Amino acid sequence: MHVYIYDDYLNKSKYNKTINRIEIRLTDLGLNGKIIRLGGIKNIKGTIQNEIKLGAKTIVAVGNNQTINKIIGAVIDTDIYSDFQKKTILGIIPVGGDNSIAASFGIKNEEEACNILLARRVEKIDLGIVGQYYFLNQATIQSLGTILEIDDYSLEIIKRGEVSIINLLSDKNQSIKSNPHDGKLDIYIKTKRKDQTYLSAKKLLITNPNNKLLVDGVIEMATPIEVGISKDRVNVIVGKDRMFE
Amino acid sequence: MFNKDNQLEKFKDAETIIGASIKVKGNFQGQGSIIIEGSLEGSLKTDANLFIGDRAKVTANIESKDAIVNGEVRGNIKSKNYLAIGGTAKIFGDIQYGEISVAKGAIINGQLMMLSEEHKRNDKLKPEEKAVATDK
């Protein structure tokens with residue numbers, strides 16, 4: 001059974017036409033299922049967990065990056081997670097902006113998302129961990145004065161720029177490859193043009209007394225903080241144009 | 001073996017690149033090819049290839065398969081296969097190599113020693129094979 005989780009911002013009237021179009025398309029494809037609108041729900045975690053208990057085969061995030069994070073946040077490190085990982089697959093229908101995670105999975109728009117749900121191409125995806133928070137895409141911090149401690153060595157960055165700790169690449173134009181199921185984080189440091197640093201690690205400690213770490217473009221975290229990776233945590237339906245192999 | 005045409009080909013897909021704005025301290029170890037353009041203090045080891053750029057400053061003992069050195073190295077270098085020393089290189093330390101080429105202008109202050117065939121062969125063996133070879 002498919003369960004569609006509509007994020008609360010989709011209650012706005014400007015999304016009515018898009019939602020209608022999605023629902024018609026899903027019906028045409030025979031993918032219609034239960035719809036849950038987060039707008040009227042206080043206990044989001046409990047609601048999502050309950051659907052998994054009831055045997056949802058596919059949970060579809062209809063919304064943006066935050067919708068996906070809400071669903072993952074509702075199940076990860078809970079009693080229901082084992083069932084979620086074994087029996088449930090995460091699908092995504094992007095609506096509106098802030099949809100870099102869907103783009104990483106090769107899902108460009110809502111119509112294509114419906115076709116991708118039908119094709120049901122599933123990949124096991126790692127999750128990055130920073131503090132108590134799990135992330136799919138990446139964490140970033142200003143490079144000047146940042147120190148990264150990895151295994152037996154440390155890296156100090158002495159120029160202005162940005163450090164990206166990448167699990168799932170969200171920008172196809174970045175000149176690096178990142179694999180979200182290799183059990184490693186890709187560290188990409190860009191300061192001046194042509195001055196780029198690239199390496200990978202399973203975990204690292206980030207320290208920068210003057211700047212905070214920005215996780216998935218939303219959550220700010222003070223340093224020093226450890227960033228790690230947890231392998232194959234979520235089964236996701238992806239498109240063939242995804243940004244990884 | 002490197003030659004002028006293909007020596008940089010091996011680094012197209014380098015797994016690790018340390019840019020010019022980076023200072024590395026500690027024991028840096030990699031499985032794949034490494035490019036160093038910044039500075040490094042400690043030790044540097046890879047099972048694959050190593051490229052040290054002309055602006056790089058490395059204060060470390062180095063171990064690799066093939067290596068191209070164009071920058072400054074203060075420490076011993078062991079290149080099990082082929083070592084290419086560029087004209088901008090400044091090396092202050094002893095060098096062990098399988099094969100070597102040195103460009104005009106390079107500064108070397110240390111001993112050069114070619115690795116024996118047996119040494120090169122042993123380095124290619126897996127640990128358990130090494131034990132057997134030693135027993136013999």
# chains A, B, ... in the order shown; residues from 1 in each chain; ligands from 1
call {"tool": "residues_around", "arguments": {"residues": "Lys80 in chain B", "least_positions_apart": "5", "cutoff": "8 Å", "atoms": "only C-alpha atoms", "output": "PyMOL selection string"}}
result
chain B and resi 63-66+96-98+115+120+123
call {"tool": "write_last_selection", "arguments": {"atoms": "all heavy atoms", "output": "JSON list (two decimals), in the first residue's frame"}}
result
[["chain", "number", "residue", "atom", "x", "y", "z"],
["B", 63, "GLU", "N", 56.24, 7.20, 1.23],
["B", 63, "GLU", "CA", 56.29, 5.87, 0.64],
["B", 63, "GLU", "C", 55.17, 5.76, -0.39],
["B", 63, "GLU", "O", 54.01, 6.10, -0.08],
["B", 63, "GLU", "CB", 56.11, 4.82, 1.73],
["B", 63, "GLU", "CG", 56.78, 3.52, 1.40],
["B", 63, "GLU", "CD", 56.72, 2.54, 2.56],
["B", 63, "GLU", "OE1", 57.11, 2.92, 3.70],
["B", 63, "GLU", "OE2", 56.26, 1.41, 2.34],
["B", 64, "SER", "N", 55.49, 5.31, -1.60],
["B", 64, "SER", "CA", 54.45, 5.16, -2.63],
["B", 64, "SER", "C", 54.90, 4.15, -3.67],
["B", 64, "SER", "O", 56.02, 3.64, -3.60],
["B", 64, "SER", "CB", 54.18, 6.51, -3.30],
["B", 64, "SER", "OG", 55.26, 6.84, -4.14],
["B", 65, "LYS", "N", 54.01, 3.90, -4.63],
["B", 65, "LYS", "CA", 54.36, 3.02, -5.74],
["B", 65, "LYS", "C", 55.12, 3.87, -6.76],
["B", 65, "LYS", "O", 56.33, 3.94, -6.74],
["B", 65, "LYS", "CB", 53.08, 2.42, -6.34],
["B", 65, "LYS", "CG", 53.32, 1.26, -7.26],
["B", 65, "LYS", "CD", 51.97, 0.66, -7.62],
["B", 65, "LYS", "CE", 51.82, 0.62, -9.12],
["B", 65, "LYS", "NZ", 50.44, 0.41, -9.55],
["B", 66, "ASP", "N", 54.43, 4.56, -7.64],
["B", 66, "ASP", "CA", 55.07, 5.53, -8.53],
["B", 66, "ASP", "C", 54.96, 6.91, -7.88],
["B", 66, "ASP", "O", 54.02, 7.18, -7.15],
["B", 66, "ASP", "CB", 54.32, 5.59, -9.88],
["B", 66, "ASP", "CG", 54.51, 4.32, -10.69],
["B", 66, "ASP", "OD1", 55.51, 3.62, -10.46],
["B", 66, "ASP", "OD2", 53.67, 4.04, -11.55],
["B", 96, "GLN", "N", 64.99, 6.10, -2.08],
["B", 96, "GLN", "CA", 65.04, 4.71, -2.56],
["B", 96, "GLN", "C", 64.05, 4.59, -3.71],
["B", 96, "GLN", "O", 62.93, 5.12, -3.62],
["B", 96, "GLN", "CB", 64.63, 3.76, -1.43],
["B", 96, "GLN", "CG", 65.65, 3.64, -0.32],
["B", 96, "GLN", "CD", 65.16, 2.69, 0.76],
["B", 96, "GLN", "OE1", 64.26, 3.03, 1.52],
["B", 96, "GLN", "NE2", 65.72, 1.50, 0.81],
["B", 97, "TYR", "N", 64.43, 3.89, -4.74],
["B", 97, "TYR", "CA", 63.58, 3.84, -5.93],
["B", 97, "TYR", "C", 63.74, 2.53, -6.69],
["B", 97, "TYR", "O", 64.76, 1.85, -6.55],
["B", 97, "TYR", "CB", 63.93, 5.01, -6.87],
["B", 97, "TYR", "CG", 65.40, 5.05, -7.23],
["B", 97, "TYR", "CD1", 65.88, 4.33, -8.32],
["B", 97, "TYR", "CD2", 66.29, 5.77, -6.45],
["B", 97, "TYR", "CE1", 67.22, 4.33, -8.63],
["B", 97, "TYR", "CE2", 67.64, 5.78, -6.75],
["B", 97, "TYR", "CZ", 68.10, 5.06, -7.84],
["B", 97, "TYR", "OH", 69.43, 5.06, -8.14],
["B", 98, "GLY", "N", 62.74, 2.20, -7.47],
["B", 98, "GLY", "CA", 62.87, 1.07, -8.40],
["B", 98, "GLY", "C", 63.55, 1.55, -9.66],
["B", 98, "GLY", "O", 64.56, 0.99, -10.10],
["B", 115, "LEU", "N", 66.33, 0.16, -5.16],
["B", 115, "LEU", "CA", 65.80, -0.99, -4.43],
["B", 115, "LEU", "C", 66.17, -2.27, -5.18],
["B", 115, "LEU", "O", 66.13, -2.31, -6.42],
["B", 115, "LEU", "CB", 64.28, -0.91, -4.32],
["B", 115, "LEU", "CG", 63.73, 0.20, -3.42],
["B", 115, "LEU", "CD1", 62.27, 0.42, -3.70],
["B", 115, "LEU", "CD2", 63.95, -0.15, -1.96],
["B", 120, "LYS", "N", 61.84, -5.19, -4.12],
["B", 120, "LYS", "CA", 60.65, -4.76, -4.88],
["B", 120, "LYS", "C", 59.61, -5.87, -4.91],
["B", 120, "LYS", "O", 58.42, -5.66, -4.76],
["B", 120, "LYS", "CB", 61.05, -4.39, -6.32],
["B", 120, "LYS", "CG", 61.65, -3.00, -6.42],
["B", 120, "LYS", "CD", 61.75, -2.54, -7.85],
["B", 120, "LYS", "CE", 63.02, -3.04, -8.48],
["B", 120, "LYS", "NZ", 63.18, -2.59, -9.85],
["B", 123, "ASP", "N", 57.89, -6.29, -1.59],
["B", 123, "ASP", "CA", 56.92, -5.21, -1.35],
["B", 123, "ASP", "C", 55.61, -5.47, -2.07],
["B", 123, "ASP", "O", 54.56, -4.98, -1.67],
["B", 123, "ASP", "CB", 57.49, -3.86, -1.80],
["B", 123, "ASP", "CG", 58.37, -3.27, -0.71],
["B", 123, "ASP", "OD1", 58.17, -3.63, 0.46],
["B", 123, "ASP", "OD2", 59.26, -2.48, -1.05]]
call {"tool": "closest_atom_pairs", "arguments": {"of": "chain B", "to": "chain A", "cutoff": "8 Å", "atoms": "only C-alpha atoms", "output": "tab-separated table"}}
result
residue	atom	partner	partner_atom	distance
B:Glu15	CA	A:Leu199	CA	6.5
B:Thr16	CA	A:Leu199	CA	4.6
B:Ile17	CA	A:Tyr198	CA	4.9
B:Ile18	CA	A:Thr197	CA	4.8
B:Gly19	CA	A:Thr197	CA	4.8
B:Ala20	CA	A:Asp195	CA	6.3
B:Ser21	CA	A:Ile158	CA	5.5
B:Ile22	CA	A:Ile157	CA	4.8
B:Lys23	CA	A:Glu156	CA	5.1
B:Val24	CA	A:Leu155	CA	4.6
B:Lys25	CA	A:Ser154	CA	5.3
B:Gly26	CA	A:Tyr153	CA	4.1
B:Asn27	CA	A:Asp152	CA	5.5
B:Phe28	CA	A:Tyr153	CA	6.0
call {"tool": "residues_around", "arguments": {"residues": "range 65-82 of chain A", "least_positions_apart": "2", "cutoff": "7 Å", "atoms": "only C-alpha atoms", "output": "list in words"}}
result
Asp7, Lys45, Ile48, Gln49, Ala61, Gly63, Phe84, Gln85, Lys86, Asp98, Asn99, Ser100 and Ile101 of chain A
call {"tool": "residues_around", "arguments": {"residues": "Gly40 in chain A", "least_positions_apart": "2", "cutoff": "12 Å", "atoms": "only C-alpha atoms", "output": "ChimeraX atom specification"}}
result
/A:5-11,36-38,42-44,47
call {"tool": "write_last_selection", "arguments": {"atoms": "C-alpha atoms", "output": "PDB file, in the first residue's frame"}}
result
ATOM      1  CA  ILE A   5       2.544  12.306   3.271  1.00  0.00           C
ATOM      2  CA  TYR A   6       1.562  15.824   2.169  1.00  0.00           C
ATOM      3  CA  ASP A   7       3.611  18.534   3.896  1.00  0.00           C
ATOM      4  CA  ASP A   8       1.690  21.304   5.644  1.00  0.00           C
ATOM      5  CA  TYR A   9       2.751  24.060   3.222  1.00  0.00           C
ATOM      6  CA  LEU A  10       0.828  22.287   0.453  1.00  0.00           C
ATOM      7  CA  ASN A  11      -2.397  23.505   2.102  1.00  0.00           C
ATOM      8  CA  ILE A  36      -2.020  12.058   5.146  1.00  0.00           C
ATOM      9  CA  ARG A  37      -1.910  15.849   5.372  1.00  0.00           C
ATOM     10  CA  LEU A  38       0.604  16.993   7.990  1.00  0.00           C
ATOM     11  CA  LYS A  42       0.277  17.461  15.910  1.00  0.00           C
ATOM     12  CA  ASN A  43       1.949  14.067  16.418  1.00  0.00           C
ATOM     13  CA  ILE A  44       3.697  13.681  13.060  1.00  0.00           C
ATOM     14  CA  THR A  47       1.238   9.164  12.634  1.00  0.00           C
TER      15      THR A  47
END
call {"tool": "residues_around", "arguments": {"residues": "range 49-56 of chain B", "least_positions_apart": "2", "cutoff": "9 Å", "atoms": "only C-alpha atoms", "output": "JSON list (two decimals) with all heavy atoms, in the first residue's frame"}}
result
[["chain", "number", "residue", "atom", "x", "y", "z"],
["B", 8, "LEU", "N", 50.86, 12.26, -16.19],
["B", 8, "LEU", "CA", 49.78, 12.86, -15.41],
["B", 8, "LEU", "C", 48.45, 12.12, -15.59],
["B", 8, "LEU", "O", 47.50, 12.36, -14.85],
["B", 8, "LEU", "CB", 49.61, 14.33, -15.80],
["B", 8, "LEU", "CG", 50.77, 15.24, -15.36],
["B", 8, "LEU", "CD1", 50.62, 16.62, -15.96],
["B", 8, "LEU", "CD2", 50.85, 15.33, -13.85],
["B", 10, "LYS", "N", 47.69, 9.17, -14.81],
["B", 10, "LYS", "CA", 47.35, 8.35, -13.64],
["B", 10, "LYS", "C", 46.67, 9.16, -12.55],
["B", 10, "LYS", "O", 46.11, 8.60, -11.63],
["B", 10, "LYS", "CB", 48.62, 7.71, -13.08],
["B", 10, "LYS", "CG", 49.24, 6.69, -13.99],
["B", 10, "LYS", "CD", 50.36, 5.97, -13.29],
["B", 10, "LYS", "CE", 50.91, 4.88, -14.21],
["B", 10, "LYS", "NZ", 51.90, 4.04, -13.54],
["B", 11, "PHE", "N", 46.78, 10.48, -12.62],
["B", 11, "PHE", "CA", 46.24, 11.32, -11.56],
["B", 11, "PHE", "C", 44.91, 11.96, -11.92],
["B", 11, "PHE", "O", 44.36, 12.73, -11.14],
["B", 11, "PHE", "CB", 47.27, 12.38, -11.17],
["B", 11, "PHE", "CG", 48.50, 11.78, -10.58],
["B", 11, "PHE", "CD1", 49.60, 11.52, -11.37],
["B", 11, "PHE", "CD2", 48.54, 11.42, -9.25],
["B", 11, "PHE", "CE1", 50.73, 10.94, -10.83],
["B", 11, "PHE", "CE2", 49.66, 10.83, -8.70],
["B", 11, "PHE", "CZ", 50.76, 10.59, -9.50],
["B", 14, "ALA", "N", 42.48, 10.88, -9.32],
["B", 14, "ALA", "CA", 43.10, 10.75, -8.00],
["B", 14, "ALA", "C", 42.03, 10.74, -6.92],
["B", 14, "ALA", "O", 41.08, 11.52, -6.98],
["B", 14, "ALA", "CB", 44.07, 11.89, -7.76],
["B", 19, "GLY", "N", 44.80, 20.60, -1.70],
["B", 19, "GLY", "CA", 45.03, 21.87, -2.41],
["B", 19, "GLY", "C", 46.06, 22.75, -1.73],
["B", 19, "GLY", "O", 46.51, 22.47, -0.61],
["B", 20, "ALA", "N", 46.39, 23.85, -2.41],
["B", 20, "ALA", "CA", 47.45, 24.74, -1.93],
["B", 20, "ALA", "C", 47.08, 25.47, -0.63],
["B", 20, "ALA", "O", 47.96, 25.96, 0.07],
["B", 20, "ALA", "CB", 47.77, 25.75, -3.02],
["B", 32, "GLY", "N", 44.41, 5.04, -2.65],
["B", 32, "GLY", "CA", 44.47, 5.43, -4.06],
["B", 32, "GLY", "C", 45.53, 6.48, -4.32],
["B", 32, "GLY", "O", 46.35, 6.78, -3.47],
["B", 33, "SER", "N", 45.50, 7.05, -5.53],
["B", 33, "SER", "CA", 46.47, 8.06, -5.92],
["B", 33, "SER", "C", 46.24, 9.36, -5.15],
["B", 33, "SER", "O", 45.11, 9.73, -4.88],
["B", 33, "SER", "CB", 46.38, 8.32, -7.41],
["B", 33, "SER", "OG", 46.75, 7.15, -8.11],
["B", 34, "ILE", "N", 47.34, 10.03, -4.82],
["B", 34, "ILE", "CA", 47.28, 11.25, -4.01],
["B", 34, "ILE", "C", 47.99, 12.39, -4.74],
["B", 34, "ILE", "O", 49.08, 12.19, -5.29],
["B", 34, "ILE", "CB", 47.94, 11.03, -2.63],
["B", 34, "ILE", "CG1", 47.21, 9.94, -1.84],
["B", 34, "ILE", "CG2", 47.99, 12.32, -1.82],
["B", 34, "ILE", "CD1", 47.89, 9.57, -0.52],
["B", 35, "ILE", "N", 47.37, 13.56, -4.74],
["B", 35, "ILE", "CA", 48.03, 14.76, -5.26],
["B", 35, "ILE", "C", 48.21, 15.73, -4.09],
["B", 35, "ILE", "O", 47.25, 16.03, -3.38],
["B", 35, "ILE", "CB", 47.17, 15.44, -6.35],
["B", 35, "ILE", "CG1", 47.03, 14.51, -7.56],
["B", 35, "ILE", "CG2", 47.76, 16.79, -6.77],
["B", 35, "ILE", "CD1", 46.07, 15.03, -8.63],
["B", 36, "ILE", "N", 49.43, 16.22, -3.89],
["B", 36, "ILE", "CA", 49.69, 17.20, -2.83],
["B", 36, "ILE", "C", 50.13, 18.51, -3.47],
["B", 36, "ILE", "O", 51.15, 18.56, -4.18],
["B", 36, "ILE", "CB", 50.82, 16.71, -1.87],
["B", 36, "ILE", "CG1", 50.52, 15.31, -1.30],
["B", 36, "ILE", "CG2", 51.05, 17.74, -0.76],
["B", 36, "ILE", "CD1", 49.56, 15.25, -0.17],
["B", 37, "GLU", "N", 49.34, 19.55, -3.24],
["B", 37, "GLU", "CA", 49.72, 20.89, -3.72],
["B", 37, "GLU", "C", 49.97, 21.83, -2.54],
["B", 37, "GLU", "O", 50.52, 22.91, -2.71],
["B", 37, "GLU", "CB", 48.60, 21.50, -4.60],
["B", 37, "GLU", "CG", 48.27, 20.71, -5.86],
["B", 37, "GLU", "CD", 49.28, 20.88, -6.98],
["B", 37, "GLU", "OE1", 50.26, 21.63, -6.78],
["B", 37, "GLU", "OE2", 49.10, 20.26, -8.03],
["B", 38, "GLY", "N", 49.53, 21.42, -1.34],
["B", 38, "GLY", "CA", 49.68, 22.25, -0.14],
["B", 38, "GLY", "C", 50.88, 21.82, 0.69],
["B", 38, "GLY", "O", 51.89, 21.37, 0.15],
["B", 39, "SER", "N", 50.74, 21.94, 2.04],
["B", 39, "SER", "CA", 51.87, 21.54, 2.87],
["B", 39, "SER", "C", 51.47, 20.34, 3.75],
["B", 39, "SER", "O", 50.30, 20.18, 4.10],
["B", 39, "SER", "CB", 52.33, 22.71, 3.74],
["B", 39, "SER", "OG", 51.44, 22.92, 4.79],
["B", 40, "LEU", "N", 52.45, 19.54, 4.06],
["B", 40, "LEU", "CA", 52.19, 18.33, 4.86],
["B", 40, "LEU", "C", 53.37, 18.08, 5.80],
["B", 40, "LEU", "O", 54.52, 18.14, 5.39],
["B", 40, "LEU", "CB", 51.99, 17.13, 3.93],
["B", 40, "LEU", "CG", 51.57, 15.80, 4.57],
["B", 40, "LEU", "CD1", 50.63, 15.02, 3.67],
["B", 40, "LEU", "CD2", 52.76, 14.93, 4.94],
["B", 45, "LYS", "N", 51.92, 8.10, 3.03],
["B", 45, "LYS", "CA", 52.06, 6.75, 2.50],
["B", 45, "LYS", "C", 50.85, 6.40, 1.64],
["B", 45, "LYS", "O", 49.72, 6.69, 2.02],
["B", 45, "LYS", "CB", 52.15, 5.76, 3.68],
["B", 45, "LYS", "CG", 52.55, 4.37, 3.29],
["B", 45, "LYS", "CD", 52.74, 3.50, 4.52],
["B", 45, "LYS", "CE", 53.07, 2.08, 4.14],
["B", 45, "LYS", "NZ", 53.23, 1.21, 5.29],
["B", 46, "THR", "N", 51.11, 5.80, 0.48],
["B", 46, "THR", "CA", 50.01, 5.29, -0.34],
["B", 46, "THR", "C", 50.47, 4.03, -1.08],
["B", 46, "THR", "O", 51.65, 3.90, -1.42],
["B", 46, "THR", "CB", 49.49, 6.33, -1.35],
["B", 46, "THR", "OG1", 48.51, 5.73, -2.18],
["B", 46, "THR", "CG2", 50.61, 6.89, -2.23],
["B", 47, "ASP", "N", 49.51, 3.14, -1.32],
["B", 47, "ASP", "CA", 49.81, 1.93, -2.11],
["B", 47, "ASP", "C", 49.83, 2.25, -3.60],
["B", 47, "ASP", "O", 50.23, 1.42, -4.40],
["B", 47, "ASP", "CB", 48.74, 0.85, -1.85],
["B", 47, "ASP", "CG", 48.77, 0.40, -0.41],
["B", 47, "ASP", "OD1", 49.86, 0.49, 0.20],
["B", 47, "ASP", "OD2", 47.72, -0.02, 0.10],
["B", 58, "VAL", "N", 56.57, 19.45, 1.71],
["B", 58, "VAL", "CA", 56.31, 18.22, 2.46],
["B", 58, "VAL", "C", 57.47, 17.95, 3.40],
["B", 58, "VAL", "O", 58.62, 17.85, 2.96],
["B", 58, "VAL", "CB", 56.12, 17.03, 1.49],
["B", 58, "VAL", "CG1", 55.92, 15.73, 2.27],
["B", 58, "VAL", "CG2", 54.94, 17.27, 0.56],
["B", 63, "GLU", "N", 56.24, 7.20, 1.23],
["B", 63, "GLU", "CA", 56.29, 5.87, 0.64],
["B", 63, "GLU", "C", 55.17, 5.76, -0.39],
["B", 63, "GLU", "O", 54.01, 6.10, -0.08],
["B", 63, "GLU", "CB", 56.11, 4.82, 1.73],
["B", 63, "GLU", "CG", 56.78, 3.52, 1.40],
["B", 63, "GLU", "CD", 56.72, 2.54, 2.56],
["B", 63, "GLU", "OE1", 57.11, 2.92, 3.70],
["B", 63, "GLU", "OE2", 56.26, 1.41, 2.34],
["B", 64, "SER", "N", 55.49, 5.31, -1.60],
["B", 64, "SER", "CA", 54.45, 5.16, -2.63],
["B", 64, "SER", "C", 54.90, 4.15, -3.67],
["B", 64, "SER", "O", 56.02, 3.64, -3.60],
["B", 64, "SER", "CB", 54.18, 6.51, -3.30],
["B", 64, "SER", "OG", 55.26, 6.84, -4.14],
["B", 65, "LYS", "N", 54.01, 3.90, -4.63],
["B", 65, "LYS", "CA", 54.36, 3.02, -5.74],
["B", 65, "LYS", "C", 55.12, 3.87, -6.76],
["B", 65, "LYS", "O", 56.33, 3.94, -6.74],
["B", 65, "LYS", "CB", 53.08, 2.42, -6.34],
["B", 65, "LYS", "CG", 53.32, 1.26, -7.26],
["B", 65, "LYS", "CD", 51.97, 0.66, -7.62],
["B", 65, "LYS", "CE", 51.82, 0.62, -9.12],
["B", 65, "LYS", "NZ", 50.44, 0.41, -9.55],
["B", 66, "ASP", "N", 54.43, 4.56, -7.64],
["B", 66, "ASP", "CA", 55.07, 5.53, -8.53],
["B", 66, "ASP", "C", 54.96, 6.91, -7.88],
["B", 66, "ASP", "O", 54.02, 7.18, -7.15],
["B", 66, "ASP", "CB", 54.32, 5.59, -9.88],
["B", 66, "ASP", "CG", 54.51, 4.32, -10.69],
["B", 66, "ASP", "OD1", 55.51, 3.62, -10.46],
["B", 66, "ASP", "OD2", 53.67, 4.04, -11.55],
["B", 67, "ALA", "N", 55.90, 7.78, -8.18],
["B", 67, "ALA", "CA", 55.82, 9.15, -7.63],
["B", 67, "ALA", "C", 56.41, 10.16, -8.61],
["B", 67, "ALA", "O", 57.37, 9.86, -9.33],
["B", 67, "ALA", "CB", 56.56, 9.22, -6.30],
["B", 68, "ILE", "N", 55.78, 11.34, -8.62],
["B", 68, "ILE", "CA", 56.34, 12.48, -9.35],
["B", 68, "ILE", "C", 56.56, 13.57, -8.30],
["B", 68, "ILE", "O", 55.63, 13.94, -7.59],
["B", 68, "ILE", "CB", 55.36, 13.00, -10.42],
["B", 68, "ILE", "CG1", 55.04, 11.91, -11.44],
["B", 68, "ILE", "CG2", 55.94, 14.22, -11.13],
["B", 68, "ILE", "CD1", 53.96, 12.31, -12.44],
["B", 69, "VAL", "N", 57.77, 14.06, -8.18],
["B", 69, "VAL", "CA", 58.06, 15.10, -7.19],
["B", 69, "VAL", "C", 58.52, 16.36, -7.92],
["B", 69, "VAL", "O", 59.53, 16.36, -8.62],
["B", 69, "VAL", "CB", 59.15, 14.62, -6.20],
["B", 69, "VAL", "CG1", 59.47, 15.72, -5.20],
["B", 69, "VAL", "CG2", 58.70, 13.36, -5.47],
["B", 70, "ASN", "N", 57.74, 17.43, -7.75],
["B", 70, "ASN", "CA", 58.10, 18.73, -8.32],
["B", 70, "ASN", "C", 58.33, 19.79, -7.24],
["B", 70, "ASN", "O", 58.83, 20.86, -7.54],
["B", 70, "ASN", "CB", 57.01, 19.23, -9.27],
["B", 70, "ASN", "CG", 56.94, 18.40, -10.54],
["B", 70, "ASN", "OD1", 57.96, 18.03, -11.10],
["B", 70, "ASN", "ND2", 55.73, 18.08, -10.98],
["B", 71, "GLY", "N", 57.93, 19.49, -6.00],
["B", 71, "GLY", "CA", 58.01, 20.47, -4.92],
["B", 71, "GLY", "C", 59.14, 20.18, -3.96],
["B", 71, "GLY", "O", 60.09, 19.45, -4.29],
["B", 72, "GLU", "N", 58.97, 20.74, -2.72],
["B", 72, "GLU", "CA", 60.03, 20.60, -1.71],
["B", 72, "GLU", "C", 59.70, 19.44, -0.77],
["B", 72, "GLU", "O", 58.60, 19.39, -0.22],
["B", 72, "GLU", "CB", 60.14, 21.91, -0.92],
["B", 72, "GLU", "CG", 61.27, 21.90, 0.09],
["B", 72, "GLU", "CD", 61.38, 23.24, 0.82],
["B", 72, "GLU", "OE1", 61.31, 24.30, 0.16],
["B", 72, "GLU", "OE2", 61.51, 23.21, 2.06],
["B", 73, "VAL", "N", 60.65, 18.56, -0.59],
["B", 73, "VAL", "CA", 60.47, 17.43, 0.33],
["B", 73, "VAL", "C", 61.63, 17.41, 1.32],
["B", 73, "VAL", "O", 62.79, 17.37, 0.91],
["B", 73, "VAL", "CB", 60.39, 16.08, -0.42],
["B", 73, "VAL", "CG1", 60.28, 14.93, 0.57],
["B", 73, "VAL", "CG2", 59.23, 16.04, -1.39],
["B", 86, "GLY", "N", 61.17, 16.26, -10.85],
["B", 86, "GLY", "CA", 61.08, 17.37, -11.80],
["B", 86, "GLY", "C", 62.15, 18.43, -11.56],
["B", 86, "GLY", "O", 62.82, 18.44, -10.52],
["B", 88, "THR", "N", 61.89, 21.47, -10.74],
["B", 88, "THR", "CA", 61.63, 22.42, -9.64],
["B", 88, "THR", "C", 61.73, 21.74, -8.26],
["B", 88, "THR", "O", 61.51, 22.38, -7.24],
["B", 88, "THR", "CB", 60.22, 23.02, -9.78],
["B", 88, "THR", "OG1", 59.28, 21.94, -9.93],
["B", 88, "THR", "CG2", 60.12, 23.95, -10.98],
["B", 89, "ALA", "N", 62.05, 20.46, -8.26],
["B", 89, "ALA", "CA", 62.06, 19.70, -7.00],
["B", 89, "ALA", "C", 63.27, 20.08, -6.13],
["B", 89, "ALA", "O", 64.36, 20.36, -6.65],
["B", 89, "ALA", "CB", 62.10, 18.21, -7.29]]
call {"tool": "residues_around", "arguments": {"residues": "Lys57 in chain A", "least_positions_apart": "5", "cutoff": "7 Å", "atoms": "only C-alpha atoms", "output": "list in words"}}
result
Met1, His2, Lys87, Thr88 and Ile89 of chain A
call {"tool": "write_last_selection", "arguments": {"atoms": "all heavy atoms", "output": "mmCIF file, in the first residue's frame"}}
result
data_model
loop_
_atom_site.group_PDB
_atom_site.id
_atom_site.type_symbol
_atom_site.label_atom_id
_atom_site.label_comp_id
_atom_site.auth_asym_id
_atom_site.auth_seq_id
_atom_site.Cartn_x
_atom_site.Cartn_y
_atom_site.Cartn_z
ATOM 1 N N MET A 1 0.827 -1.206 0.000
ATOM 2 C CA MET A 1 0.000 0.000 0.000
ATOM 3 C C MET A 1 0.867 1.265 0.000
ATOM 4 O O MET A 1 1.876 1.324 0.700
ATOM 5 C CB MET A 1 -0.903 -0.001 1.241
ATOM 6 C CG MET A 1 -1.865 1.159 1.275
ATOM 7 S SD MET A 1 -2.829 1.185 2.788
ATOM 8 C CE MET A 1 -1.620 1.510 4.032
ATOM 9 N N HIS A 2 0.473 2.233 -0.812
ATOM 10 C CA HIS A 2 1.180 3.512 -0.830
ATOM 11 C C HIS A 2 0.544 4.466 0.183
ATOM 12 O O HIS A 2 -0.683 4.565 0.265
ATOM 13 C CB HIS A 2 1.081 4.155 -2.221
ATOM 14 C CG HIS A 2 1.968 3.502 -3.236
ATOM 15 N ND1 HIS A 2 1.735 2.250 -3.729
ATOM 16 C CD2 HIS A 2 3.089 3.945 -3.850
ATOM 17 C CE1 HIS A 2 2.674 1.936 -4.596
ATOM 18 N NE2 HIS A 2 3.505 2.951 -4.696
ATOM 19 N N LYS A 87 10.730 -3.442 5.331
ATOM 20 C CA LYS A 87 9.465 -3.581 4.591
ATOM 21 C C LYS A 87 9.034 -2.332 3.828
ATOM 22 O O LYS A 87 8.164 -2.422 2.955
ATOM 23 C CB LYS A 87 8.344 -3.957 5.579
ATOM 24 C CG LYS A 87 8.580 -5.272 6.286
ATOM 25 C CD LYS A 87 7.527 -5.473 7.362
ATOM 26 C CE LYS A 87 7.859 -6.661 8.250
ATOM 27 N NZ LYS A 87 7.019 -6.705 9.440
ATOM 28 N N THR A 88 9.591 -1.186 4.183
ATOM 29 C CA THR A 88 9.058 0.061 3.619
ATOM 30 C C THR A 88 10.087 0.760 2.746
ATOM 31 O O THR A 88 11.281 0.776 3.058
ATOM 32 C CB THR A 88 8.618 1.015 4.754
ATOM 33 O OG1 THR A 88 7.851 0.279 5.696
ATOM 34 C CG2 THR A 88 7.796 2.168 4.213
ATOM 35 N N ILE A 89 9.603 1.334 1.665
ATOM 36 C CA ILE A 89 10.460 2.078 0.744
ATOM 37 C C ILE A 89 9.996 3.526 0.737
ATOM 38 O O ILE A 89 8.798 3.807 0.818
ATOM 39 C CB ILE A 89 10.373 1.445 -0.662
ATOM 40 C CG1 ILE A 89 11.041 0.062 -0.632
ATOM 41 C CG2 ILE A 89 11.040 2.328 -1.712
ATOM 42 C CD1 ILE A 89 10.731 -0.784 -1.833
#
